[in-house]
>>> print(open('work31.pdb').read())   # PDB, C-alpha atoms
MODEL        1
ATOM      1  CA  MET A  17     118.984 112.901  90.448
ATOM      2  CA  ARG A  18     121.968 115.065  89.516
ATOM      3  CA  VAL A  19     123.970 113.215  86.851
ATOM      4  CA  LEU A  20     127.483 114.511  86.225
ATOM      5  CA  LEU A  21     128.986 113.516  82.888
ATOM      6  CA  ARG A  22     132.751 113.255  83.069
ATOM      7  CA  PRO A  23     134.795 114.043  79.886
ATOM      8  CA  ALA A  24     135.621 110.398  79.147
ATOM      9  CA  VAL A  25     131.910 109.712  78.555
ATOM     10  CA  PHE A  26     131.963 111.943  75.486
ATOM     11  CA  GLU A  27     134.998 110.108  74.150
ATOM     12  CA  SER A  28     133.312 106.691  74.399
ATOM     13  CA  SER A  29     131.552 104.935  71.565
ATOM     14  CA  ASP A  30     128.226 104.770  73.427
ATOM     15  CA  ARG A  31     126.356 107.453  71.510
ATOM     16  CA  LEU A  32     123.047 105.712  72.111
ATOM     17  CA  GLY A  33     123.562 105.978  75.867
ATOM     18  CA  LEU A  34     124.148 109.711  75.528
ATOM     19  CA  TYR A  35     120.935 110.047  73.518
ATOM     20  CA  VAL A  36     119.060 108.305  76.358
ATOM     21  CA  LEU A  37     120.602 110.802  78.774
ATOM     22  CA  LEU A  38     119.499 113.617  76.455
ATOM     23  CA  TRP A  39     115.908 112.407  76.780
ATOM     24  CA  LEU A  40     116.129 111.927  80.565
ATOM     25  CA  GLY A  41     117.476 115.447  81.001
ATOM     26  CA  GLY A  42     115.180 116.936  78.363
ATOM     27  CA  VAL A  43     112.039 115.833  80.210
ATOM     28  CA  LEU A  44     113.703 116.848  83.529
ATOM     29  CA  ARG A  45     113.385 113.380  84.969
ATOM     30  CA  HIS A  46     117.028 113.818  86.004
ATOM     31  CA  ARG A  47     119.477 116.723  85.843
ATOM     32  CA  VAL A  48     122.103 115.765  83.267
ATOM     33  CA  ILE A  49     125.096 118.108  83.447
ATOM     34  CA  PRO A  50     128.561 117.883  81.830
ATOM     35  CA  ASP A  51     131.284 118.068  84.482
ATOM     36  CA  PRO A  52     133.100 120.313  83.877
ATOM     37  CA  LEU A  53     130.718 122.359  81.762
ATOM     38  CA  VAL A  54     133.516 123.482  79.449
ATOM     39  CA  HIS A  55     135.803 120.744  78.167
ATOM     40  CA  PRO A  56     137.176 119.888  74.695
ATOM     41  CA  ALA A  57     135.678 116.382  74.764
ATOM     42  CA  HIS A  58     132.185 117.772  75.441
ATOM     43  CA  SER A  59     132.532 120.512  72.827
ATOM     44  CA  MET A  60     133.728 118.066  70.177
ATOM     45  CA  TRP A  61     130.853 115.710  70.875
ATOM     46  CA  VAL A  62     128.235 118.462  70.557
ATOM     47  CA  ALA A  63     129.895 119.627  67.343
ATOM     48  CA  SER A  64     129.541 116.096  65.932
ATOM     49  CA  LEU A  65     125.751 116.193  66.300
ATOM     50  CA  ASP A  66     123.355 117.399  63.651
ATOM     51  CA  PRO A  67     122.240 121.011  64.275
ATOM     52  CA  GLY A  68     118.824 120.069  65.615
ATOM     53  CA  THR A  69     120.149 117.500  68.098
ATOM     54  CA  ALA A  70     122.965 119.844  69.135
ATOM     55  CA  ARG A  71     120.398 122.530  69.931
ATOM     56  CA  LEU A  72     118.308 120.058  71.942
ATOM     57  CA  TRP A  73     121.403 119.037  73.909
ATOM     58  CA  GLU A  74     122.324 122.615  74.771
ATOM     59  CA  GLU A  75     118.739 123.425  75.743
ATOM     60  CA  MET A  76     118.643 120.302  77.909
ATOM     61  CA  VAL A  77     121.813 121.277  79.775
ATOM     62  CA  ASP A  78     120.518 124.818  80.312
ATOM     63  CA  SER A  79     117.187 123.511  81.650
ATOM     64  CA  CYS A  80     118.939 121.112  84.025
ATOM     65  CA  LEU A  81     121.204 123.876  85.324
ATOM     66  CA  ASN A  82     118.168 126.105  85.923
ATOM     67  CA  GLU A  83     116.385 123.331  87.805
ATOM     68  CA  GLU A  84     119.462 122.774  89.940
ATOM     69  CA  THR A  85     119.511 126.460  90.831
ATOM     70  CA  LEU A  86     115.844 126.455  91.815
ATOM     71  CA  ARG A  87     115.531 122.979  93.388
ATOM     72  CA  PRO A  88     118.804 121.119  93.917
ATOM     73  CA  ALA A  89     118.653 117.359  93.446
ATOM     74  CA  HIS A  90     118.750 115.149  96.525
ATOM     75  CA  TRP A  91     121.078 112.513  95.036
ATOM     76  CA  GLU A  92     124.135 112.803  92.827
ATOM     77  CA  ILE A  93     126.038 110.326  90.671
ATOM     78  CA  ALA A  94     128.815 110.703  88.130
ATOM     79  CA  ILE A  95     129.155 108.779  84.888
ATOM     80  CA  ASP A  96     132.676 107.974  83.797
ATOM     81  CA  SER A  97     134.664 105.445  81.820
ATOM     82  CA  VAL A  98     134.941 102.867  84.600
ATOM     83  CA  ALA A  99     134.549  99.112  84.508
ATOM     84  CA  HIS A 100     132.341  98.818  87.589
ATOM     85  CA  ALA A 101     130.220 101.076  89.769
ATOM     86  CA  VAL A 102     131.995 102.613  92.752
ATOM     87  CA  TRP A 103     129.398 103.489  95.407
ATOM     88  CA  ALA A 104     131.588 104.006  98.493
ATOM     89  CA  GLN A 105     132.284 107.709  97.999
ATOM     90  CA  PRO A 106     130.321 110.954  98.313
ATOM     91  CA  THR A 107     129.554 111.005  94.576
ATOM     92  CA  PRO A 108     129.244 107.419  93.322
ATOM     93  CA  VAL A 109     130.784 106.786  89.908
ATOM     94  CA  LEU A 110     129.039 104.468  87.442
ATOM     95  CA  PRO A 111     129.702 103.258  83.917
ATOM     96  CA  ILE A 112     127.166 104.630  81.469
ATOM     97  CA  ALA A 113     125.246 101.354  81.047
ATOM     98  CA  ASP A 114     124.792 100.906  84.817
ATOM     99  CA  ALA A 115     123.805 104.548  85.196
ATOM    100  CA  ILE A 116     121.109 104.299  82.529
ATOM    101  CA  ASP A 117     119.716 101.142  84.139
ATOM    102  CA  LEU A 118     119.479 103.117  87.394
ATOM    103  CA  LEU A 119     118.054 106.308  85.902
ATOM    104  CA  LEU A 120     115.326 104.530  83.945
ATOM    105  CA  GLN A 121     113.939 102.841  87.047
ATOM    106  CA  PRO A 122     110.809 104.359  88.604
ATOM    107  CA  TYR A 123     110.813 105.698  92.128
ATOM    108  CA  ARG A 124     109.029 103.315  94.508
ATOM    109  CA  ILE A 125     106.747 104.122  97.401
ATOM    110  CA  VAL A 126     106.548 100.793  99.225
ATOM    111  CA  LEU A 127     103.317 100.319 101.188
ATOM    112  CA  GLU A 128     101.707  97.543 103.194
ATOM    113  CA  ASN A 129      98.712  97.738 100.848
ATOM    114  CA  ASN A 130      99.300  99.505  97.556
ATOM    115  CA  VAL A 131      95.565 100.072  96.966
ATOM    116  CA  ASN A 132      94.169 101.422 100.240
ATOM    117  CA  ASP A 133      97.443 102.997 101.367
ATOM    118  CA  ARG A 134      97.871 104.706  98.005
ATOM    119  CA  ALA A 135      94.300 106.010  98.198
ATOM    120  CA  PHE A 136      95.046 107.264 101.728
ATOM    121  CA  LEU A 137      98.091 109.224 100.571
ATOM    122  CA  MET A 138      96.248 110.712  97.616
ATOM    123  CA  ALA A 139      93.201 111.618  99.711
ATOM    124  CA  ILE A 140      95.116 113.339 102.509
ATOM    125  CA  ALA A 141      97.799 114.976 100.333
ATOM    126  CA  GLY A 142      97.576 118.620  99.371
ATOM    127  CA  ALA A 143      96.428 119.484  95.844
ATOM    128  CA  GLU A 144      99.961 120.244  94.633
ATOM    129  CA  GLU A 145     101.464 117.000  95.924
ATOM    130  CA  ARG A 146      98.512 114.992  94.580
ATOM    131  CA  GLN A 147      98.943 116.495  91.119
ATOM    132  CA  MET A 148     102.691 115.880  91.072
ATOM    133  CA  LEU A 149     102.318 112.273  92.212
ATOM    134  CA  ALA A 150      99.591 111.559  89.673
ATOM    135  CA  LEU A 151     101.717 113.001  86.865
ATOM    136  CA  ALA A 152     104.779 110.993  87.930
ATOM    137  CA  GLU A 153     102.650 107.846  88.083
ATOM    138  CA  LYS A 154     101.227 108.553  84.614
ATOM    139  CA  ARG A 155     104.745 108.956  83.217
ATOM    140  CA  ALA A 156     105.846 105.696  84.902
ATOM    141  CA  SER A 157     108.515 107.493  86.922
ATOM    142  CA  LEU A 158     106.678 106.538  90.136
ATOM    143  CA  VAL A 159     105.069 103.285  91.274
ATOM    144  CA  PHE A 160     103.249 102.341  94.458
ATOM    145  CA  GLU A 161     104.628  98.944  95.407
ATOM    146  CA  MET A 162     102.834  96.313  97.458
ATOM    147  CA  GLY A 163     105.074  95.524 100.413
ATOM    148  CA  GLY A 164     102.630  93.336 102.304
ATOM    149  CA  GLY A 165     102.252  93.109 106.054
ATOM    150  CA  THR A 166     104.664  90.236 106.714
ATOM    151  CA  THR A 167     107.004  90.782 103.759
ATOM    152  CA  ILE A 168     107.602  94.506 104.038
ATOM    153  CA  VAL A 169     110.413  94.192 106.602
ATOM    154  CA  PRO A 170     112.466  91.812 104.397
ATOM    155  CA  ARG A 171     111.779  94.194 101.501
ATOM    156  CA  ILE A 172     113.198  97.094 103.537
ATOM    157  CA  ALA A 173     116.294  95.006 104.262
ATOM    158  CA  GLU A 174     116.686  94.283 100.548
ATOM    159  CA  ILE A 175     116.370  97.977  99.687
ATOM    160  CA  ARG A 176     118.963  98.933 102.303
ATOM    161  CA  ARG A 177     121.474  96.395 100.945
ATOM    162  CA  THR A 178     121.053  97.612  97.347
ATOM    163  CA  GLU A 179     122.812 100.945  96.821
ATOM    164  CA  SER A 180     120.915 101.806  93.661
ATOM    165  CA  LEU A 181     117.519 100.791  95.047
ATOM    166  CA  ARG A 182     117.749 102.702  98.313
ATOM    167  CA  ARG A 183     118.128 105.902  96.270
ATOM    168  CA  LEU A 184     114.853 105.161  94.537
ATOM    169  CA  ALA A 185     112.550 104.042  97.337
ATOM    170  CA  SER A 186     110.556 105.298 100.293
ATOM    171  CA  VAL A 187     108.543 103.141 102.693
ATOM    172  CA  MET A 188     105.454 103.877 104.794
ATOM    173  CA  VAL A 189     104.068 101.579 107.493
ATOM    174  CA  ASP A 190     101.390 101.770 110.185
ATOM    175  CA  SER A 191     102.617 102.335 113.731
ATOM    176  CA  ASP A 192     100.117  99.791 115.113
ATOM    177  CA  ALA A 193     100.329 101.746 118.385
ATOM    178  CA  LEU A 194      97.488 100.844 120.747
ATOM    179  CA  ARG A 195      97.925 104.044 122.742
ATOM    180  CA  PRO A 196      99.607 107.439 122.489
ATOM    181  CA  PRO A 197     102.967 107.998 124.205
ATOM    182  CA  THR A 198     102.803 109.405 127.719
ATOM    183  CA  GLN A 199     104.924 112.317 128.864
ATOM    184  CA  GLY A 200     108.576 111.367 128.542
ATOM    185  CA  GLU A 201     107.886 108.594 126.008
ATOM    186  CA  THR A 202     108.566 108.721 122.271
ATOM    187  CA  HIS A 203     106.252 107.518 119.536
ATOM    188  CA  GLN A 204     108.710 104.691 118.891
ATOM    189  CA  SER A 205     108.243 103.338 122.409
ATOM    190  CA  VAL A 206     104.556 102.530 121.782
ATOM    191  CA  GLU A 207     104.821 101.192 118.230
ATOM    192  CA  GLY A 208     103.947  97.632 117.296
ATOM    193  CA  VAL A 209     106.400  94.898 116.381
ATOM    194  CA  LEU A 210     106.267  95.448 112.620
ATOM    195  CA  ALA A 211     106.975  99.175 112.923
ATOM    196  CA  ARG A 212     109.895  98.559 115.284
ATOM    197  CA  ASP A 213     111.318  95.907 112.966
ATOM    198  CA  ALA A 214     110.915  98.260 110.010
ATOM    199  CA  ARG A 215     112.854 100.976 111.848
ATOM    200  CA  ARG A 216     115.611  98.520 112.705
ATOM    201  CA  GLU A 217     116.021  97.360 109.106
ATOM    202  CA  ALA A 218     115.756 100.862 107.643
ATOM    203  CA  ALA A 219     118.577 102.117 109.885
ATOM    204  CA  ASP A 220     119.703 105.721 109.505
ATOM    205  CA  GLU A 221     118.043 107.521 106.593
ATOM    206  CA  PHE A 222     121.329 108.899 105.251
ATOM    207  CA  THR A 223     122.821 105.426 104.874
ATOM    208  CA  GLY A 224     119.645 103.365 104.972
ATOM    209  CA  VAL A 225     116.045 103.593 103.787
ATOM    210  CA  HIS A 226     113.665 106.549 103.837
ATOM    211  CA  LEU A 227     110.937 105.334 106.208
ATOM    212  CA  GLN A 228     107.739 106.920 107.470
ATOM    213  CA  VAL A 229     105.957 105.330 110.436
ATOM    214  CA  LEU A 230     102.493 106.809 110.884
ATOM    215  CA  ARG A 231     101.848 108.501 114.216
ATOM    216  CA  ARG A 232      98.351 107.112 114.500
ATOM    217  CA  ARG A 233      97.682 103.399 114.726
ATOM    218  CA  ALA A 234      96.858 102.805 111.040
ATOM    219  CA  ILE A 235      95.661 104.604 107.930
ATOM    220  CA  GLU A 236      92.052 103.914 108.950
ATOM    221  CA  ASN A 237      92.576 106.114 112.018
ATOM    222  CA  TYR A 238      92.909 109.071 109.646
ATOM    223  CA  LEU A 239      89.355 108.630 108.356
ATOM    224  CA  THR A 240      87.347 111.724 109.204
ATOM    225  CA  ILE A 241      83.882 111.848 110.715
ATOM    226  CA  PRO A 242      82.384 113.393 107.533
ATOM    227  CA  SER A 243      83.741 110.496 105.460
ATOM    228  CA  LEU A 244      82.368 107.921 107.907
ATOM    229  CA  ARG A 245      78.988 109.672 107.817
ATOM    230  CA  ARG A 246      78.882 109.553 104.006
ATOM    231  CA  TRP A 247      79.508 105.832 104.243
ATOM    232  CA  ALA A 248      76.875 105.315 106.964
ATOM    233  CA  ARG A 249      74.137 107.203 105.122
ATOM    234  CA  GLY A 250      71.056 105.003 104.968
ATOM    235  CA  ASP A 251      72.328 102.488 107.555
ATOM    236  CA  ASP A 252      70.915 103.272 110.997
ATOM    237  CA  ASP A 253      73.112 100.768 112.866
ATOM    238  CA  LEU A 254      76.296 101.974 111.225
ATOM    239  CA  ARG A 255      75.311 105.609 111.782
ATOM    240  CA  ALA A 256      74.827 104.856 115.495
ATOM    241  CA  THR A 257      78.315 103.347 115.670
ATOM    242  CA  VAL A 258      79.746 106.440 113.965
ATOM    243  CA  ASP A 259      77.958 108.593 116.574
ATOM    244  CA  VAL A 260      79.700 106.705 119.385
ATOM    245  CA  PHE A 261      83.065 106.893 117.607
ATOM    246  CA  GLU A 262      82.673 110.646 117.115
ATOM    247  CA  ALA A 263      82.208 111.060 120.878
ATOM    248  CA  LEU A 264      85.668 109.589 121.561
ATOM    249  CA  SER A 265      88.586 111.833 122.351
ATOM    250  CA  PRO A 266      91.176 112.377 119.567
ATOM    251  CA  SER A 267      93.635 110.019 121.292
ATOM    252  CA  GLN A 268      90.980 107.328 121.520
ATOM    253  CA  GLN A 269      90.043 107.755 117.863
ATOM    254  CA  TYR A 270      93.694 107.684 116.745
ATOM    255  CA  HIS A 271      94.424 104.313 118.417
ATOM    256  CA  TYR A 272      91.111 102.466 118.186
ATOM    257  CA  ASN A 273      91.067  99.240 116.163
ATOM    258  CA  MET A 274      88.999 100.561 113.261
ATOM    259  CA  LYS A 275      88.719  97.202 111.489
ATOM    260  CA  ASN A 276      87.995  94.805 114.350
ATOM    261  CA  GLY A 277      87.158  96.957 117.372
ATOM    262  CA  PHE A 278      87.938  96.081 120.978
ATOM    263  CA  ALA A 279      87.345  92.393 120.267
ATOM    264  CA  GLY A 280      90.150  92.447 117.745
ATOM    265  CA  ASP A 281      92.702  93.502 120.384
ATOM    266  CA  GLN A 282      91.897  90.890 123.010
ATOM    267  CA  ARG A 283      94.402  88.303 121.817
ATOM    268  CA  ARG A 284      97.211  90.840 121.497
ATOM    269  CA  LEU A 285      96.533  92.164 124.991
ATOM    270  CA  ALA A 286      96.399  88.638 126.414
ATOM    271  CA  GLU A 287      99.795  87.830 124.856
ATOM    272  CA  THR A 288     101.449  91.034 126.102
ATOM    273  CA  GLN A 289     103.842  90.125 128.920
ATOM    274  CA  ASP A 290     104.086  93.665 130.294
ATOM    275  CA  ARG A 291     100.906  93.992 132.358
ATOM    276  CA  THR A 292     101.666  97.644 133.093
ATOM    277  CA  GLU A 293     101.498  98.283 129.359
ATOM    278  CA  VAL A 294      98.189  96.404 129.143
ATOM    279  CA  ASN A 295      96.769  98.556 131.943
ATOM    280  CA  ARG A 296      97.886 101.730 130.145
ATOM    281  CA  ILE A 297      96.145 100.608 126.968
ATOM    282  CA  ARG A 298      92.939  99.742 128.797
ATOM    283  CA  ALA A 299      93.037 103.004 130.718
ATOM    284  CA  LEU A 300      92.745 104.905 127.450
ATOM    285  CA  TYR A 301      89.085 103.802 127.203
ATOM    286  CA  GLN A 302      88.169 103.567 130.878
ATOM    287  CA  ASN A 303      85.660 106.426 130.626
ATOM    288  CA  LEU A 304      83.427 104.582 128.145
ATOM    289  CA  THR A 305      80.047 103.263 129.230
ATOM    290  CA  PRO A 306      79.093  99.599 128.630
ATOM    291  CA  THR A 307      76.787 100.764 125.841
ATOM    292  CA  GLN A 308      79.602 102.620 124.104
ATOM    293  CA  ARG A 309      81.944  99.658 124.459
ATOM    294  CA  GLN A 310      79.367  97.343 122.953
ATOM    295  CA  ALA A 311      78.836  99.671 120.001
ATOM    296  CA  LEU A 312      82.592  99.731 119.303
ATOM    297  CA  ASN A 313      83.309  96.097 120.125
ATOM    298  CA  SER A 314      83.441  94.820 116.535
ATOM    299  CA  GLY A 315      84.836  97.854 114.697
ATOM    300  CA  PHE A 316      83.875  99.003 111.202
ATOM    301  CA  GLY A 317      84.953  95.915 109.286
ATOM    302  CA  HIS A 318      88.027  94.790 107.377
ATOM    303  CA  ASP A 319      87.246  96.922 104.309
ATOM    304  CA  VAL A 320      86.850 100.260 106.070
ATOM    305  CA  GLY A 321      90.157 101.440 104.565
ATOM    306  CA  LYS A 322      88.547 101.357 101.124
ATOM    307  CA  LEU A 323      86.719 104.553 102.079
ATOM    308  CA  PHE A 324      89.829 106.511 101.111
ATOM    309  CA  GLY A 325      89.062 105.575  97.518
ATOM    310  CA  TRP A 326      85.684 107.334  97.426
ATOM    311  CA  ALA A 327      84.304 108.723 100.701
ATOM    312  CA  VAL A 328      87.143 111.034 101.754
ATOM    313  CA  ARG A 329      87.218 114.521 100.267
ATOM    314  CA  SER A 330      90.228 116.800 100.326
ATOM    315  CA  GLU A 331      88.436 119.383 102.480
ATOM    316  CA  ASP A 332      87.812 116.713 105.143
ATOM    317  CA  ALA A 333      91.489 116.266 106.029
ATOM    318  CA  GLU A 334      92.533 117.614 109.392
ATOM    319  CA  ILE A 335      95.480 120.010 109.501
ATOM    320  CA  GLU A 336      97.511 117.666 111.714
ATOM    321  CA  ALA A 337      96.953 114.673 109.433
ATOM    322  CA  ARG A 338      97.617 116.653 106.271
ATOM    323  CA  GLU A 339     100.878 118.056 107.620
ATOM    324  CA  GLU A 340     102.099 114.562 108.554
ATOM    325  CA  VAL A 341     101.323 113.168 105.108
ATOM    326  CA  ARG A 342     102.612 116.235 103.256
ATOM    327  CA  SER A 343     105.889 116.038 105.160
ATOM    328  CA  PHE A 344     106.378 112.457 103.936
ATOM    329  CA  LEU A 345     105.295 113.186 100.357
ATOM    330  CA  ASN A 346     107.430 116.317 100.107
ATOM    331  CA  ALA A 347     110.407 114.217 101.208
ATOM    332  CA  VAL A 348     109.525 111.694  98.480
ATOM    333  CA  LEU A 349     109.223 114.395  95.825
ATOM    334  CA  THR A 350     112.533 115.893  96.940
ATOM    335  CA  ARG A 351     114.252 112.543  96.630
ATOM    336  CA  MET A 352     112.723 112.010  93.195
ATOM    337  CA  ARG A 353     114.211 115.119  91.647
TER     338      ARG A 353
ENDMDL
END
>>> encode(input="work31.pdb", output="structure tokens")
Amino acid sequence: MRVLLRPAVFESSDRLGLYVLLWLGGVLRHRVIPDPLVHPAHSMWVASLDPGTARLWEEMVDSCLNEETLRPAHWEIAIDSVAHAVWAQPTPVLPIADAIDLLLQPYRIVLENNVNDRAFLMAIAGAEERQMLALAEKRASLVFEMGGGTTIVPRIAEIRRTESLRRLASVMVDSDALRPPTQGETHQSVEGVLARDARREAADEFTGVHLQVLRRRAIENYLTIPSLRRWARGDDDLRATVDVFEALSPSQQYHYNMKNGFAGDQRRLAETQDRTEVNRIRALYQNLTPTQRQALNSGFGHDVGKLFGWAVRSEDAEIEAREEVRSFLNAVLTRMR
């Protein structure tokens, strides 16, 4: 985040707060920049420091300015001598105590399951993104938050209502789409209830919450055949099921119920009022033989998503899947700086 220090900050008695900002800028967690760069109040404050601290301050400002030139920050705030935060303007203005509370918070990636979904992101991400995320997590500037299936929509609403929090959070949810969109349809038109509710609560990204809805049905639909085969090694029945799954078309694989199979969708289909939609979903698998349907009837089990923690290798990831995940993670990393 770009943090502009107005002259009055240097005239305040909160030297400790300025030392915290020195550390935040020195480790490039945020870009801390006097605004304006040349001002008597700033110069007098630097002159009041011991030589070593003064040098660290000047080096910090130079580093932040260089980072801004190379990779401009996504968000900007100003710190000034004000009684309360003023968010309703292009550059929000905060008192130093509120600003430090904000800047010390970690960035949150809110997921339905912060174990399997985190493993999915790390497995599919490119090497550079994976390294940057791991480092941010190690430094406690990033956390993967458990949003939960039923509680993630209220959490999105809470993030959207909290000006500080929505600058420090991204959300990813499954689409739960039982079929791909047909010509003339959008991905949103085939998404499940939770994904649609998440979009509604997130609202527009510029004034709401950064949200990623997966294009495939769920994270498990990004498991590759090589990873499933590693898992099935030594289990003839499971290997036979993987063989049948591999024979499906990409669209069938992307929207199949990986956990519970065809049996797991029966109740949802029975409760769907739009029978045309039900027919479209069933038509996706109309070419399967009874033997194939039987093999895929029960799915791969509730824990199949755990494969991202050990069975998926970086070279397995398909280009399409990797680009989708990298697009989301690059947006996260941009918002973090």
>>> residues_around(input="work31.pdb", residues="Ser343 of chain A", least_positions_apart="3", cutoff="12 Å", atoms="all atoms listed in the file", output="mmCIF file with C-alpha atoms, in the coordinates of the input")
data_model
loop_
_atom_site.group_PDB
_atom_site.id
_atom_site.type_symbol
_atom_site.label_atom_id
_atom_site.label_comp_id
_atom_site.auth_asym_id
_atom_site.auth_seq_id
_atom_site.Cartn_x
_atom_site.Cartn_y
_atom_site.Cartn_z
ATOM 1 C CA LEU A 137 98.091 109.224 100.571
ATOM 2 C CA ILE A 140 95.116 113.339 102.509
ATOM 3 C CA ALA A 141 97.799 114.976 100.333
ATOM 4 C CA GLY A 142 97.576 118.620 99.371
ATOM 5 C CA GLU A 145 101.464 117.000 95.924
ATOM 6 C CA LEU A 227 110.937 105.334 106.208
ATOM 7 C CA GLN A 228 107.739 106.920 107.470
ATOM 8 C CA VAL A 229 105.957 105.330 110.436
ATOM 9 C CA LEU A 230 102.493 106.809 110.884
ATOM 10 C CA ILE A 335 95.480 120.010 109.501
ATOM 11 C CA GLU A 336 97.511 117.666 111.714
ATOM 12 C CA ALA A 337 96.953 114.673 109.433
ATOM 13 C CA ARG A 338 97.617 116.653 106.271
ATOM 14 C CA GLU A 339 100.878 118.056 107.620
ATOM 15 C CA GLU A 340 102.099 114.562 108.554
ATOM 16 C CA ASN A 346 107.430 116.317 100.107
ATOM 17 C CA ALA A 347 110.407 114.217 101.208
ATOM 18 C CA VAL A 348 109.525 111.694 98.480
ATOM 19 C CA LEU A 349 109.223 114.395 95.825
ATOM 20 C CA THR A 350 112.533 115.893 96.940
#
>>> atom_distance(input="work31.pdb", atom1="atom CA of Tyr238 of chain A", atom2="atom CA of Tyr270 of chain A")
7.3 Å
>>> residues_near_point(input="work31.pdb", point="(107.2, 95.9, 101.0)", cutoff="7 Å", atoms="only C-alpha atoms", output="ChimeraX atom specification")
/A:126-128,161-164,167-169,171-172
>>> write_last_selection(input="work31.pdb", atoms="C-alpha atoms", output="short mmCIF file (atom, residue, chain, number, x, y, z; two decimals), keeping the file's coordinate frame")
data_model
loop_
_atom_site.label_atom_id
_atom_site.label_comp_id
_atom_site.auth_asym_id
_atom_site.auth_seq_id
_atom_site.Cartn_x
_atom_site.Cartn_y
_atom_site.Cartn_z
CA VAL A 126 106.55 100.79 99.22
CA LEU A 127 103.32 100.32 101.19
CA GLU A 128 101.71 97.54 103.19
CA GLU A 161 104.63 98.94 95.41
CA MET A 162 102.83 96.31 97.46
CA GLY A 163 105.07 95.52 100.41
CA GLY A 164 102.63 93.34 102.30
CA THR A 167 107.00 90.78 103.76
CA ILE A 168 107.60 94.51 104.04
CA VAL A 169 110.41 94.19 106.60
CA ARG A 171 111.78 94.19 101.50
CA ILE A 172 113.20 97.09 103.54
#
>>> residues_around(input="work31.pdb", residues="Leu119 of chain A", least_positions_apart="4", cutoff="9 Å", atoms="all atoms listed in the file", output="list in words")
Met17, Leu37, Leu40, Arg45, His46, Asp114 and Ala115 of chain A
>>> closest_residue(input="work31.pdb", among="A:Asp259, A:Val341, A:Arg47, A:Ala193", to="Ser79 of chain A", atoms="only C-alpha atoms")
A:Arg47
>>> resolve_selection(input="work31.pdb", expression="the PyMOL selection byres ((chain A and resi 200-203) around 10)", output="number ranges by chain")
A: 191, 193, 195-199, 204-207, 229-232
>>> resolve_selection(input="work31.pdb", expression="the PyMOL selection byres ((chain A and resi 179) around 10)", output="list in words")
Trp103, Ala104, Pro108, Glu174, Ile175, Arg176, Arg177, Thr178, Ser180, Leu181, Arg182, Arg183, Leu184, Thr223 and Gly224 of chain A
>>> atom_distance(input="work31.pdb", atom1="atom CA of Asp96 of chain A", atom2="atom CA of Leu120 of chain A")
17.7 Å
>>> atom_distance(input="work31.pdb", atom1="atom CA of Gln308 of chain A", atom2="atom CA of Leu194 of chain A")
18.3 Å
>>> residues_around(input="work31.pdb", residues="His226 of chain A", least_positions_apart="4", cutoff="8 Å", atoms="only C-alpha atoms", output="PDB file with C-alpha atoms, in the coordinates of the input")
ATOM      1  CA  ARG A 182     117.749 102.702  98.313  1.00  0.00           C
ATOM      2  CA  ALA A 185     112.550 104.042  97.337  1.00  0.00           C
ATOM      3  CA  SER A 186     110.556 105.298 100.293  1.00  0.00           C
ATOM      4  CA  VAL A 187     108.543 103.141 102.693  1.00  0.00           C
ATOM      5  CA  ALA A 218     115.756 100.862 107.643  1.00  0.00           C
ATOM      6  CA  GLU A 221     118.043 107.521 106.593  1.00  0.00           C
TER       7      GLU A 221
END
>>> resolve_selection(input="work31.pdb", expression="the PyMOL selection byres ((chain A and resi 332) around 10)", output="list in words")
Ala139, Ile140, Leu239, Thr240, Ile241, Pro242, Ser243, Ala327, Val328, Arg329, Ser330, Glu331, Ala333, Glu334, Ile335 and Arg338 of chain A
>>> decode(input="work31.pdb", residues="segment 136-144 of chain A", atoms="N, CA and C atoms", output="short mmCIF file (atom, residue, chain, number, x, y, z; two decimals), in the first residue's frame")
data_model
loop_
_atom_site.label_atom_id
_atom_site.label_comp_id
_atom_site.auth_asym_id
_atom_site.auth_seq_id
_atom_site.Cartn_x
_atom_site.Cartn_y
_atom_site.Cartn_z
N PHE A 136 -4.59 -26.32 -3.29
CA PHE A 136 -4.94 -26.18 -4.71
C PHE A 136 -4.23 -24.98 -5.32
N LEU A 137 -4.32 -23.83 -4.67
CA LEU A 137 -3.69 -22.63 -5.20
C LEU A 137 -2.18 -22.80 -5.31
N MET A 138 -1.58 -23.37 -4.28
CA MET A 138 -0.13 -23.55 -4.29
C MET A 138 0.31 -24.57 -5.35
N ALA A 139 -0.51 -25.60 -5.55
CA ALA A 139 -0.15 -26.64 -6.52
C ALA A 139 -0.25 -26.15 -7.96
N ILE A 140 -1.26 -25.35 -8.24
CA ILE A 140 -1.51 -24.91 -9.62
C ILE A 140 -0.74 -23.64 -9.96
N ALA A 141 -0.35 -22.86 -8.94
CA ALA A 141 0.35 -21.60 -9.18
C ALA A 141 1.67 -21.83 -9.90
N GLY A 142 2.15 -20.79 -10.57
CA GLY A 142 3.48 -20.84 -11.15
C GLY A 142 4.52 -20.76 -10.04
N ALA A 143 5.77 -21.09 -10.37
CA ALA A 143 6.84 -21.14 -9.37
C ALA A 143 7.04 -19.78 -8.71
N GLU A 144 6.97 -18.70 -9.49
CA GLU A 144 7.20 -17.37 -8.94
C GLU A 144 6.11 -16.98 -7.95
#
